[in-house]
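S.K.: Dropping in upload_12.csv, with CSV, C-alpha atoms.
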```csv
chain,number,residue,atom,x,y,z
A,15,MET,CA,-0.2,1.0,28.1
A,16,LYS,CA,-1.7,2.5,24.9
A,17,THR,CA,-0.1,5.8,25.7
A,18,LYS,CA,3.2,4.2,26.3
A,19,ILE,CA,3.0,2.4,22.9
A,20,LYS,CA,2.0,5.6,21.1
A,21,ASN,CA,5.0,7.4,22.7
A,22,TYR,CA,7.4,4.7,21.6
A,23,LEU,CA,6.0,4.7,18.1
A,24,LYS,CA,6.9,8.4,18.0
A,25,LEU,CA,10.3,7.7,19.5
A,26,ILE,CA,11.2,5.2,16.8
A,27,LYS,CA,9.7,7.4,14.0
A,28,SER,CA,7.4,4.6,13.0
A,29,MET,CA,6.9,5.8,9.5
A,30,GLN,CA,10.6,6.2,8.8
A,31,THR,CA,11.4,2.9,10.5
A,32,GLY,CA,8.7,1.2,8.5
A,33,LEU,CA,10.0,2.5,5.2
A,34,LEU,CA,13.5,1.4,5.9
A,35,LEU,CA,12.3,-2.0,6.9
A,36,VAL,CA,10.4,-2.2,3.6
A,37,THR,CA,13.6,-1.4,1.7
A,38,GLY,CA,15.4,-4.2,3.6
A,39,ILE,CA,12.7,-6.7,2.7
A,40,ALA,CA,12.8,-5.5,-0.9
A,41,GLY,CA,16.6,-6.0,-1.0
A,42,TYR,CA,16.2,-9.5,0.3
A,43,VAL,CA,13.6,-10.7,-2.1
A,44,SER,CA,15.3,-8.9,-5.1
A,45,SER,CA,17.7,-11.8,-5.4
A,46,ASN,CA,14.9,-14.2,-6.2
A,47,CYS,CA,17.0,-16.6,-4.2
A,48,PRO,CA,15.9,-20.3,-4.5
A,49,ILE,CA,16.6,-21.0,-0.8
A,50,MET,CA,14.6,-18.0,0.4
A,51,SER,CA,12.2,-19.0,3.2
A,52,TRP,CA,9.6,-17.2,5.4
A,53,GLN,CA,11.7,-18.1,8.4
A,54,SER,CA,14.7,-16.2,7.1
A,55,LEU,CA,12.5,-13.3,5.9
A,56,LEU,CA,11.0,-13.0,9.4
A,57,SER,CA,14.5,-13.1,11.0
A,58,LEU,CA,15.6,-10.4,8.6
A,59,ALA,CA,12.6,-8.2,9.5
A,60,GLY,CA,13.0,-8.8,13.2
A,61,SER,CA,16.7,-8.1,13.4
A,62,LEU,CA,16.4,-5.0,11.1
A,63,PHE,CA,13.5,-3.6,13.0
A,64,LEU,CA,15.3,-3.8,16.3
A,65,ALA,CA,18.5,-2.3,14.9
A,66,ILE,CA,16.7,0.5,13.1
A,67,ALA,CA,14.4,1.3,16.0
A,68,GLY,CA,17.3,1.1,18.5
A,69,SER,CA,19.4,3.5,16.5
A,70,THR,CA,16.5,5.9,16.1
A,71,ILE,CA,15.9,5.9,19.9
A,72,LEU,CA,19.6,6.6,20.6
A,73,ASN,CA,19.5,9.4,18.1
A,74,MET,CA,16.5,10.9,19.9
A,75,VAL,CA,18.3,10.6,23.3
A,76,TRP,CA,21.3,12.5,21.9
A,77,ASP,CA,19.3,15.1,20.1
A,78,ARG,CA,16.8,15.8,22.8
A,79,ASP,CA,18.3,19.3,23.6
A,80,ILE,CA,18.0,20.5,20.0
A,81,ASP,CA,14.6,18.9,19.6
A,82,ALA,CA,13.4,21.1,22.5
A,83,LYS,CA,14.4,24.2,20.5
A,84,MET,CA,12.5,23.3,17.3
A,85,ASP,CA,8.8,23.7,16.9
A,86,ARG,CA,8.6,20.7,14.6
A,87,THR,CA,10.2,18.4,17.2
A,88,SER,CA,9.3,20.0,20.6
A,89,HIS,CA,6.4,17.5,21.0
A,90,ARG,CA,8.6,14.4,21.0
A,91,PRO,CA,8.3,12.2,24.1
A,92,LEU,CA,11.8,12.9,25.5
A,93,VAL,CA,11.2,16.6,25.3
A,94,THR,CA,7.8,16.5,26.9
A,95,GLY,CA,9.0,14.1,29.6
A,96,GLU,CA,6.4,11.4,28.6
A,97,ILE,CA,9.4,9.0,28.4
A,98,LYS,CA,12.4,9.4,30.7
A,99,THR,CA,15.9,9.7,29.2
A,100,ARG,CA,17.3,6.8,31.2
A,101,GLU,CA,14.4,4.6,30.1
A,102,ALA,CA,14.8,5.5,26.5
A,103,LEU,CA,18.6,5.0,26.6
A,104,THR,CA,18.2,1.6,28.1
A,105,VAL,CA,15.6,0.5,25.5
A,106,GLY,CA,17.6,2.0,22.7
A,107,LEU,CA,20.8,0.1,23.8
A,108,LEU,CA,19.0,-3.1,24.3
A,109,ALA,CA,17.1,-3.0,21.0
A,110,SER,CA,20.3,-2.1,19.1
A,111,ALA,CA,22.4,-4.9,20.8
A,112,ILE,CA,19.7,-7.5,20.3
A,113,GLY,CA,19.2,-6.5,16.7
A,114,ILE,CA,22.9,-6.5,15.8
A,115,GLY,CA,23.5,-9.7,17.8
A,116,TRP,CA,20.6,-11.4,16.0
A,117,ALA,CA,21.9,-10.2,12.7
A,118,PHE,CA,25.4,-11.7,13.3
A,119,LEU,CA,23.8,-15.0,14.3
A,120,ILE,CA,21.9,-15.1,11.0
A,121,ALA,CA,25.0,-14.4,8.9
A,122,PRO,CA,28.3,-12.6,9.8
A,123,LEU,CA,28.4,-10.4,6.6
A,124,TYR,CA,24.7,-9.4,7.0
A,125,GLY,CA,25.5,-8.6,10.7
A,126,ALA,CA,28.4,-6.4,9.6
A,127,VAL,CA,26.3,-4.4,7.2
A,128,VAL,CA,23.6,-3.9,9.9
A,129,PHE,CA,26.2,-2.8,12.4
A,130,ALA,CA,27.8,-0.4,9.9
A,131,GLY,CA,24.4,1.2,9.3
A,132,LEU,CA,23.8,1.7,13.0
A,133,PHE,CA,27.3,2.9,13.7
A,134,ILE,CA,27.2,5.4,10.8
A,135,ASP,CA,23.8,6.6,11.9
A,136,VAL,CA,24.3,7.1,15.6
A,137,VAL,CA,28.1,7.8,15.9
A,138,VAL,CA,29.1,9.4,12.6
A,139,TYR,CA,26.0,11.2,11.5
A,140,THR,CA,24.2,12.1,14.8
A,141,MET,CA,26.9,12.4,17.4
A,142,TRP,CA,29.8,13.7,15.2
A,143,LEU,CA,28.7,15.5,12.1
A,144,LYS,CA,25.1,16.7,12.3
A,145,ARG,CA,25.9,19.7,14.5
A,146,ARG,CA,29.1,20.5,12.6
A,147,THR,CA,28.4,20.5,8.8
A,148,ALA,CA,25.5,20.5,6.4
A,149,TRP,CA,27.2,17.7,4.5
A,150,ALA,CA,26.3,15.4,7.3
A,151,ILE,CA,23.3,14.4,5.2
A,152,VAL,CA,25.6,12.4,2.9
A,153,TRP,CA,26.3,10.1,5.9
A,154,GLY,CA,22.7,10.1,6.8
A,155,GLY,CA,22.0,8.9,3.3
A,156,ILE,CA,24.6,6.2,3.5
A,157,CYS,CA,23.1,4.7,6.7
A,158,GLY,CA,19.7,5.0,5.1
A,159,GLY,CA,20.8,2.8,2.3
A,160,MET,CA,22.2,0.1,4.6
A,161,PRO,CA,18.9,-1.8,5.2
A,162,ILE,CA,18.3,-2.6,1.5
A,163,LEU,CA,22.0,-3.5,1.1
A,164,ALA,CA,21.8,-5.7,4.2
A,165,GLY,CA,18.7,-7.5,2.8
A,166,ARG,CA,20.5,-8.2,-0.5
A,167,VAL,CA,23.6,-9.4,1.3
A,168,LEU,CA,21.6,-11.8,3.4
A,169,ALA,CA,20.1,-13.3,0.3
A,170,ILE,CA,23.2,-13.7,-1.9
A,171,GLY,CA,26.0,-13.8,0.7
A,172,GLU,CA,28.0,-11.0,-0.8
A,173,VAL,CA,28.0,-7.3,-1.6
A,174,ASP,CA,27.2,-7.0,-5.3
A,175,PRO,CA,26.7,-4.1,-7.8
A,176,ILE,CA,22.9,-4.3,-7.7
A,177,GLY,CA,22.9,-4.1,-3.9
A,178,ILE,CA,25.2,-1.0,-4.0
A,179,LEU,CA,22.9,0.5,-6.7
A,180,PHE,CA,19.8,0.0,-4.5
A,181,ALA,CA,21.7,1.5,-1.5
A,182,LEU,CA,22.6,4.5,-3.8
A,183,SER,CA,19.0,5.0,-4.7
A,184,ILE,CA,18.1,5.4,-1.0
A,185,LEU,CA,21.1,7.7,-0.4
A,186,LEU,CA,19.9,9.9,-3.2
A,187,TRP,CA,16.4,10.0,-1.9
A,188,ILE,CA,17.5,11.1,1.6
A,189,PRO,CA,18.3,14.7,0.4
A,190,THR,CA,14.8,15.0,-0.9
A,191,HIS,CA,13.5,14.3,2.6
A,192,ILE,CA,16.0,16.2,4.7
A,193,LEU,CA,16.6,19.2,2.5
A,194,THR,CA,12.9,19.7,2.0
A,195,PHE,CA,12.4,20.0,5.8
A,196,ASN,CA,15.5,22.2,6.0
A,197,ILE,CA,13.9,24.8,3.7
A,198,LYS,CA,10.5,24.5,5.3
A,199,ASN,CA,11.7,24.8,8.8
A,200,GLN,CA,14.9,26.9,8.5
A,201,ALA,CA,14.0,29.0,11.5
A,202,ASP,CA,13.9,25.9,13.6
A,203,TYR,CA,17.3,24.8,12.5
A,204,ASN,CA,18.7,28.3,13.1
A,205,ARG,CA,17.4,28.2,16.6
A,206,ALA,CA,19.0,24.8,17.2
A,207,LYS,CA,22.2,25.9,15.4
A,208,ILE,CA,22.1,23.0,13.0
A,209,PRO,CA,23.9,23.8,9.7
A,210,THR,CA,21.8,23.2,6.6
A,211,PHE,CA,22.3,23.5,2.8
A,212,SER,CA,19.5,26.1,2.6
A,213,ASN,CA,21.3,28.3,5.1
A,214,LYS,CA,24.8,27.8,3.6
A,215,TYR,CA,24.0,27.7,-0.1
A,216,GLY,CA,20.6,29.3,-0.3
A,217,PRO,CA,17.0,27.9,-0.9
A,218,ASP,CA,17.3,28.0,-4.8
A,219,THR,CA,20.5,26.0,-4.9
A,220,THR,CA,19.1,23.6,-2.3
A,221,ARG,CA,15.9,23.1,-4.4
A,222,LEU,CA,18.1,22.3,-7.4
A,223,ILE,CA,20.0,19.7,-5.4
A,224,ILE,CA,16.7,18.2,-4.4
A,225,ALA,CA,15.5,18.0,-8.0
A,226,VAL,CA,18.8,16.4,-9.3
A,227,SER,CA,18.9,14.0,-6.4
A,228,SER,CA,15.3,12.9,-7.0
A,229,ILE,CA,16.0,12.3,-10.7
A,230,CYS,CA,19.1,10.2,-9.9
A,231,ALA,CA,17.2,8.2,-7.3
A,232,ALA,CA,14.4,7.4,-9.7
A,233,LEU,CA,16.9,6.3,-12.3
A,234,ALA,CA,18.8,4.2,-9.9
A,235,ILE,CA,15.7,2.3,-8.8
A,236,GLY,CA,14.6,1.8,-12.4
A,237,ILE,CA,17.9,0.5,-13.5
A,238,GLY,CA,18.1,-1.8,-10.4
A,239,ALA,CA,14.6,-3.1,-11.0
A,240,SER,CA,15.5,-4.0,-14.6
A,241,ALA,CA,18.8,-5.6,-13.5
A,242,ILE,CA,17.0,-8.1,-11.2
A,243,GLY,CA,14.9,-9.3,-14.1
A,244,LEU,CA,11.6,-7.9,-13.0
A,245,SER,CA,8.8,-8.8,-15.5
A,246,TRP,CA,7.8,-6.1,-18.0
A,247,GLY,CA,4.4,-5.5,-16.4
A,248,TYR,CA,5.9,-4.6,-13.0
A,249,LEU,CA,8.8,-2.8,-14.7
A,250,ARG,CA,6.4,-0.7,-16.7
A,251,LEU,CA,4.7,0.5,-13.5
A,252,ILE,CA,8.0,1.6,-12.0
A,253,SER,CA,9.0,3.2,-15.3
A,254,VAL,CA,5.7,5.3,-15.4
A,255,MET,CA,6.3,6.4,-11.8
A,256,ALA,CA,9.9,7.2,-12.5
A,257,ILE,CA,9.0,9.3,-15.5
A,258,GLY,CA,6.5,11.2,-13.3
A,259,ILE,CA,9.1,11.9,-10.7
A,260,ILE,CA,11.7,13.0,-13.3
A,261,ALA,CA,9.1,15.4,-14.9
A,262,LEU,CA,8.1,16.9,-11.5
A,263,SER,CA,11.8,17.2,-10.6
A,264,ILE,CA,12.6,19.1,-13.8
A,265,TYR,CA,9.6,21.4,-13.2
A,266,ALA,CA,10.8,22.0,-9.6
A,267,ALA,CA,14.2,22.9,-11.0
A,268,VAL,CA,12.8,25.3,-13.6
A,269,ARG,CA,10.1,26.8,-11.4
A,270,PRO,CA,11.4,26.5,-7.9
A,271,SER,CA,9.0,27.1,-5.0
A,272,GLU,CA,8.3,25.7,-1.5
A,273,LYS,CA,5.0,24.3,-2.6
A,274,ILE,CA,6.4,22.4,-5.7
A,275,ASN,CA,9.3,21.2,-3.6
A,276,PHE,CA,7.1,19.8,-0.9
A,277,ARG,CA,5.0,18.1,-3.6
A,278,LEU,CA,8.1,16.6,-5.0
A,279,PHE,CA,9.1,15.3,-1.6
A,280,LYS,CA,5.7,13.6,-1.1
A,281,CYS,CA,5.7,12.1,-4.6
A,282,ALA,CA,9.3,10.9,-4.3
A,283,SER,CA,8.4,9.2,-1.0
A,284,LEU,CA,5.4,7.5,-2.5
A,285,TYR,CA,7.6,6.4,-5.4
A,286,MET,CA,10.1,4.9,-3.0
A,287,VAL,CA,7.5,3.0,-1.1
A,288,GLY,CA,5.6,2.0,-4.3
A,289,SER,CA,8.7,0.8,-6.2
A,290,MET,CA,9.9,-1.3,-3.2
A,291,ALA,CA,6.4,-2.9,-2.9
A,292,ILE,CA,6.3,-3.6,-6.7
A,293,MET,CA,9.8,-5.2,-6.6
A,294,THR,CA,8.8,-7.3,-3.6
A,295,PHE,CA,5.6,-8.7,-5.0
A,296,GLY,CA,7.1,-8.8,-8.5
A,297,VAL,CA,9.7,-11.3,-7.4
A,298,LEU,CA,7.7,-13.4,-4.9
```
Can I see the file as structure tokens?
M.R.:
Amino acid sequence: MKTKIKNYLKLIKSMQTGLLLVTGIAGYVSSNCPIMSWQSLLSLAGSLFLAIAGSTILNMVWDRDIDAKMDRTSHRPLVTGEIKTREALTVGLLASAIGIGWAFLIAPLYGAVVFAGLFIDVVVYTMWLKRRTAWAIVWGGICGGMPILAGRVLAIGEVDPIGILFALSILLWIPTHILTFNIKNQADYNRAKIPTFSNKYGPDTTRLIIAVSSICAALAIGIGASAIGLSWGYLRLISVMAIGIIALSIYAAVRPSEKINFRLFKCASLYMVGSMAIMTFGVL
């Protein structure tokens, strides 16, 4: 049983799923809604978790052939046979269906945003574009921004500029994540015949894109945190972290290297998690 749980944690990319879930919760509490309740927060967390985990499993099922060709992903449960394809497909479909159905029962507009995120992730990004164009990462970023937008939508009942800004911040962070691994594992992507920015435009251009994207993501989060009326103490923490990310991004652009780029990726990820936590506790 423990082995099965560990394998499914790998299958849903638990760290990635957890981060997206945190952004969804941050989006919900960012409204400081007077009718916010723990029941609705738990319903948000449950429905989002199932939808995100379900879509990730479906992606794993679809990509199992290219995962087998890449050193970085060859240990995944579907490749090693620790989880059977039919079983994973069934679990992925059930989790996705329950998560989306639950979301629509909570609120139709919230459900529509959750469904849009899953559809873009599985159908548009993974099944249609990932193997065709390096620009697929834009759609990967869009679906990555859907959980925080969904949380905001559930709280206020509409899509507003702040929600879009927060979604944009996640979209801008996604290249830092994906493009960093593209550069680091380019040989893997070549074997799997997956088009990447580093292969098409070169590592230096890709590193510049990562730096600019990281700066824009930091600014978007900072502006969004200010717009929701976060107190100065919490806002100052986010500002200090944002300044650090911007400084490191500029350094990475001026002195590009794989080591600096990977450091930027780790720091940007910590900034994303930290800023979401700060916003959540700053509003509660």
S.K.: Give as a PyMOL selection string each residue that has an atom at most 12 Å from (13.1, 14.3, 2.7) in the file, counting only C-alpha atoms.
M.R.: chain A and resi 30+151+154-155+158+184-198+221+223-225+227-228+275-284+286
S.K.: Counting all atoms listed in the file, figure out which residue out of A:Leu108, A:Ile292, A:Ile71, A:Leu119 gets nearest to Trp246 in chain A.
M.R.: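 Counting all atoms listed in the file, the residue closest to Trp246 in chain A is A:Ile292.
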S.K.: In terms of the shortest atom-to-atom distance over only C-alpha atoms, which of A:Asn46, A:Thr294, A:Gly32, A:Lys144 is closest to Trp76 in chain A?
M.R.: A:Lys144
S.K.: Nearest to Ala111 in chain A: which of A:Tyr203, A:Lys83, A:Leu132, A:Thr220 is it, counting only C-alpha atoms?
M.R.: A:Leu132
S.K.: Listing only residues of range 87-186 of chain A within 12 Å of range 51-55 of chain A, what is the closest atom pair and its distance in Å (to one decimal) for each, using only C-alpha atoms, sorted by chain and residue number ascending, as a tab-separated table?
M.R.:
```
residue	atom	partner	partner_atom	distance
A:Trp116	CA	A:Ser54	CA	11.7
A:Ala117	CA	A:Ser54	CA	10.9
A:Leu119	CA	A:Ser54	CA	11.7
A:Ile120	CA	A:Ser54	CA	8.3
A:Ala121	CA	A:Ser54	CA	10.6
A:Gly165	CA	A:Leu55	CA	9.0
A:Arg166	CA	A:Leu55	CA	11.4
A:Leu168	CA	A:Ser54	CA	9.0
A:Ala169	CA	A:Ser54	CA	9.2
```
S.K.: My list of candidates is A:Met29, A:Ile66, A:Val138, A:Ile229. Which is closest to Ile114 in chain A when distances are computed with all atoms listed in the file?
M.R.: A:Ile66
S.K.: Quick one, how far is CA of Thr147 in chain A from CA of Lys214 in chain A?
M.R.: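 Between CA of Thr147 in chain A and CA of Lys214 in chain A the gap is 9.7 Å.
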S.K.: Which of these, A:Ile112, A:Leu25, A:Trp142, A:Val43, has the shortest distance to Phe295 in chain A once you count all atoms listed in the file?
M.R.: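 Using all atoms listed in the file, the shortest distance to Phe295 in chain A belongs to A:Val43.
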S.K.: At a cut-off of 12 Å, using all atoms listed in the file, what residues contact Tyr124 in chain A? Leave out same-chain residues fewer than 6 positions from it and give the result as number ranges by chain.
M.R.: A: 38, 41-42, 57-58, 61-62, 113-118, 130-131, 160-173
S.K.: The selected residues should be written to file as a short mmCIF file (atom, residue, chain, number, x, y, z; two decimals), in the frame of the given file (atoms: C-alpha atoms).
M.R.:
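Result file follows (selection_2.cif):
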```cif
data_model
loop_
_atom_site.label_atom_id
_atom_site.label_comp_id
_atom_site.auth_asym_id
_atom_site.auth_seq_id
_atom_site.Cartn_x
_atom_site.Cartn_y
_atom_site.Cartn_z
CA GLY A 38 15.40 -4.20 3.60
CA GLY A 41 16.60 -6.00 -1.00
CA TYR A 42 16.20 -9.50 0.30
CA SER A 57 14.50 -13.10 11.00
CA LEU A 58 15.60 -10.40 8.60
CA SER A 61 16.70 -8.10 13.40
CA LEU A 62 16.40 -5.00 11.10
CA GLY A 113 19.20 -6.50 16.70
CA ILE A 114 22.90 -6.50 15.80
CA GLY A 115 23.50 -9.70 17.80
CA TRP A 116 20.60 -11.40 16.00
CA ALA A 117 21.90 -10.20 12.70
CA PHE A 118 25.40 -11.70 13.30
CA ALA A 130 27.80 -0.40 9.90
CA GLY A 131 24.40 1.20 9.30
CA MET A 160 22.20 0.10 4.60
CA PRO A 161 18.90 -1.80 5.20
CA ILE A 162 18.30 -2.60 1.50
CA LEU A 163 22.00 -3.50 1.10
CA ALA A 164 21.80 -5.70 4.20
CA GLY A 165 18.70 -7.50 2.80
CA ARG A 166 20.50 -8.20 -0.50
CA VAL A 167 23.60 -9.40 1.30
CA LEU A 168 21.60 -11.80 3.40
CA ALA A 169 20.10 -13.30 0.30
CA ILE A 170 23.20 -13.70 -1.90
CA GLY A 171 26.00 -13.80 0.70
CA GLU A 172 28.00 -11.00 -0.80
CA VAL A 173 28.00 -7.30 -1.60
#
```
S.K.: Please measure the separation of CA of Leu33 in chain A and CA of Ala82 in chain A, giving the value in Å to one decimal.
M.R.: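 A separation of 25.6 Å between them.
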S.K.: Using only C-alpha atoms, which of A:Glu96, A:Ala239, A:Leu56, A:Asp81 sits nearest Lys20 in chain A?
M.R.: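 Selected residue with least distance to Lys20 in chain A: A:Glu96.
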S.K.: Kindly give the distance, in Å, that separates CA of Glu101 in chain A and CA of Val75 in chain A, rounded to a single decimal.
M.R.: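 Separating CA of Glu101 in chain A from CA of Val75 in chain A is a distance of 9.9 Å.
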S.K.: Tell me which protein, DNA and RNA residues are within 12 Å of Ile19 in chain A, counting all atoms listed in the file, leaving out same-chain ones fewer than 4 positions away, and put them as a PyMOL selection string.
M.R.: chain A and resi 15+23-26+28+91+96-97
S.K.: Write out as an MDAnalysis selection string the residues lying within 12 Å of Ile80 in chain A, counting all atoms listed in the file and excluding same-chain residues fewer than 6 positions away.
M.R.: chainID A and resid 73:74 86:88 90 92:93 140 144:145 202:208
